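Visitor: I have a structure I would like to understand better, so I am pasting it below and will then ask my questions one at a time.
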Amino acid sequence: MPRLSEVITALETLWPAERADSWDAVGTVAGDPDQEVTRVLFAVDPVLEIVDEAVKLNADLLITHHPLYLRGTTTVAASTAKGRVVHRLIKNDIALHVAHTNADTADPGVSDALAGALDLRVVRPLVPDTSDPEGRRGLGRVCELDHPLTVREFAARAAERLPATAQGIRVAGDPEALVRRVAVSGGSGDSLFAYVRAAEVDAYLTADLRHHPASEFAADHAAHRPLALLDAAHWATEWPWCELAAAQLDEISDRHGWGLRVHVSATVTDPWTAHAASFVHPSPTTPPGSASRAPSHSDTSGAPN
């Protein structure tokens, strides 16, 4: 069986730590370099629920996309949520390794996995990595559909193909407009609006779109080139990377004859657990409570499709 240090060296070929943003916290968070690794679990979030899953699985290594200590800390006391994660990891001899922005911009990376889940053909990075002479690395992806879909149909595809969450897919734009060219970016994506505008796409699918940036972006495009926004759950847009990364590690394990058993967590760690639909009123001018209203409903989150 390989040692942790050997596995980490292999992972660094996929997601070199030096390619992470300067503010990021990637790499190995816990683990003895000399410990043997036989079973690996991939997940988006390093939360206690995932660590408990790793314990039940008898995993030696947990690899997550999100960092545990992104903003630093002065304590790992078990009286804190993150401290409990550290204690549980160490007590069970489970190492934790993080690939975050270095996985976002990798080739293939987080947005390639998102595009693959949506059956999109990747054309180029949305924000190219200027240090990549081949022009394949970078943040986000510009993609094409094999056949045009309406915004409504594309949103339905995203809702079907991405892991189920309470949020589902929110849409801004004409539901009947045709979509041929799409930009995608896993995780929070409204900081990339300038690049989306320059890419001349018909739709942009990402997560964590805020009211004011989305409203201003939509207004800018209304009179020129209509562009639909599709807002999915942050966790759902990044979960497909876990499957991609697991397949990459499987390939490395086979090449080295390690025999690693690699797993992907199906546990939904999106923080939102239910959704209540808005009440439907007969007309916009009818005050709430003065007319009969359609019943609301709640949708609980489910496991990845």
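Naming scheme: A, B, ... for chains in displayed order of the structure tokens; residues 1 onward per chain; ligands 1 onward as shown.
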Which residues in segment 12-147 of chain A does DSSP call strand (DSSP E)? List them as a VMD selection string.
Guide: chain A and resid 27 to 30 39 to 43 61 to 64 95 to 98 121 to 128 138 to 147
Visitor: Excluding same-chain residues fewer than 6 positions from segment 7-14 of chain A, what lies within 10 Å of it counting only C-alpha atoms, as a VMD selection string?
Guide: chain A and resid 27 to 28 33 36 to 37 61 63 97 99 102 to 103 106 to 109 245 248 to 249 252 to 253 258 260
Visitor: Looking at only C-alpha atoms, which of A:Val55, A:Ala78, A:Val171, A:Ala158 is the one that sits closest to Gly116 of chain A?
Guide: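 Using only C-alpha atoms, the shortest distance to Gly116 of chain A belongs to A:Ala158.
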Visitor: Rank A:Ala95, A:Arg121, A:Leu227, A:Leu192 by their smallest atom-to-atom distance to Thr150 of chain A, using only C-alpha atoms, and report the top residue only.
Guide: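 That would be A:Leu227, the residue with the smallest distance to Thr150 of chain A.
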Visitor: Of the candidates A:Ala172, A:Ala274, A:Val51, A:Met1, which shows the shortest atom-to-atom distance to Val86 of chain A, using only C-alpha atoms?
Guide: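 Using only C-alpha atoms, Val86 of chain A sits closest to A:Val51.
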Visitor: Write out as a PyMOL selection string which residues come within 9 Å of Leu126 of chain A when counting only C-alpha atoms, dropping same-chain ones fewer than 3 positions away.
Guide: chain A and resi 138-142+183-185+192+195-196+199
Visitor: Can I get the selection written as a PDB file, in the first residue's frame, with N, CA, C and O atoms?
Guide:
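Okay, selection_8.pdb is ready:
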```pdb
ATOM      1  N   GLY A 138      -7.781  27.320 -16.557  1.00  0.00           N
ATOM      2  CA  GLY A 138      -8.409  28.594 -16.257  1.00  0.00           C
ATOM      3  C   GLY A 138      -9.702  28.408 -15.490  1.00  0.00           C
ATOM      4  O   GLY A 138     -10.143  27.288 -15.229  1.00  0.00           O
ATOM      5  N   LEU A 139     -10.320  29.521 -15.157  1.00  0.00           N
ATOM      6  CA  LEU A 139     -11.531  29.508 -14.344  1.00  0.00           C
ATOM      7  C   LEU A 139     -12.771  29.502 -15.234  1.00  0.00           C
ATOM      8  O   LEU A 139     -12.868  30.271 -16.191  1.00  0.00           O
ATOM      9  N   GLY A 140     -13.717  28.629 -14.925  1.00  0.00           N
ATOM     10  CA  GLY A 140     -14.940  28.535 -15.709  1.00  0.00           C
ATOM     11  C   GLY A 140     -14.672  27.953 -17.086  1.00  0.00           C
ATOM     12  O   GLY A 140     -13.523  27.733 -17.475  1.00  0.00           O
ATOM     13  N   ARG A 141     -15.749  27.694 -17.831  1.00  0.00           N
ATOM     14  CA  ARG A 141     -15.625  27.151 -19.174  1.00  0.00           C
ATOM     15  C   ARG A 141     -16.695  27.757 -20.090  1.00  0.00           C
ATOM     16  O   ARG A 141     -17.827  28.002 -19.661  1.00  0.00           O
ATOM     17  N   VAL A 142     -16.297  28.001 -21.334  1.00  0.00           N
ATOM     18  CA  VAL A 142     -17.244  28.374 -22.384  1.00  0.00           C
ATOM     19  C   VAL A 142     -17.562  27.099 -23.146  1.00  0.00           C
ATOM     20  O   VAL A 142     -16.656  26.371 -23.555  1.00  0.00           O
ATOM     21  N   ALA A 183     -21.812  29.609 -20.805  1.00  0.00           N
ATOM     22  CA  ALA A 183     -20.674  29.699 -19.891  1.00  0.00           C
ATOM     23  C   ALA A 183     -21.069  29.030 -18.582  1.00  0.00           C
ATOM     24  O   ALA A 183     -22.210  29.174 -18.130  1.00  0.00           O
ATOM     25  N   VAL A 184     -20.148  28.281 -17.988  1.00  0.00           N
ATOM     26  CA  VAL A 184     -20.402  27.654 -16.689  1.00  0.00           C
ATOM     27  C   VAL A 184     -19.230  27.925 -15.769  1.00  0.00           C
ATOM     28  O   VAL A 184     -18.078  28.054 -16.213  1.00  0.00           O
ATOM     29  N   SER A 185     -19.527  28.016 -14.494  1.00  0.00           N
ATOM     30  CA  SER A 185     -18.473  28.142 -13.491  1.00  0.00           C
ATOM     31  C   SER A 185     -18.974  27.515 -12.198  1.00  0.00           C
ATOM     32  O   SER A 185     -19.974  27.961 -11.629  1.00  0.00           O
ATOM     33  N   LEU A 192     -17.478  36.932 -12.216  1.00  0.00           N
ATOM     34  CA  LEU A 192     -16.977  36.678 -13.571  1.00  0.00           C
ATOM     35  C   LEU A 192     -17.866  37.286 -14.652  1.00  0.00           C
ATOM     36  O   LEU A 192     -17.705  36.977 -15.837  1.00  0.00           O
ATOM     37  N   TYR A 195     -16.294  38.639 -17.870  1.00  0.00           N
ATOM     38  CA  TYR A 195     -15.806  37.610 -18.793  1.00  0.00           C
ATOM     39  C   TYR A 195     -16.976  36.946 -19.521  1.00  0.00           C
ATOM     40  O   TYR A 195     -16.862  36.597 -20.699  1.00  0.00           O
ATOM     41  N   VAL A 196     -18.084  36.772 -18.819  1.00  0.00           N
ATOM     42  CA  VAL A 196     -19.273  36.194 -19.441  1.00  0.00           C
ATOM     43  C   VAL A 196     -19.768  37.118 -20.544  1.00  0.00           C
ATOM     44  O   VAL A 196     -20.129  36.665 -21.647  1.00  0.00           O
ATOM     45  N   ALA A 199     -17.686  36.784 -23.602  1.00  0.00           N
ATOM     46  CA  ALA A 199     -17.739  35.473 -24.244  1.00  0.00           C
ATOM     47  C   ALA A 199     -18.889  35.345 -25.237  1.00  0.00           C
ATOM     48  O   ALA A 199     -18.940  34.393 -26.019  1.00  0.00           O
TER      49      ALA A 199
END
```
Visitor: Where in segment 68-291 of chain A does DSSP assign helix (DSSP H, G or I), given as a ChimeraX atom specification?
Guide: /A:81-91,101-104,110-117,151-161,190-199,211-222,234-256
Visitor: Using only C-alpha atoms, which of A:Ala232, A:Val262, A:Trp241, A:Pro271 sits nearest Asp60 of chain A?
Guide: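 The answer is A:Val262, which sits nearest to Asp60 of chain A.
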Visitor: Could you check which of A:Leu96, A:Val44, A:Ala166, A:Leu89 is closest to Thr237 of chain A, using only C-alpha atoms?
Guide: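 For Thr237 of chain A, the nearest of the given residues is A:Val44.
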Visitor: Just the number, please: distance in Å from atom CA of Cys242 of chain A to atom CA of Ala266 of chain A, one decimal.
Guide: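 A separation of 9.9 Å between them.
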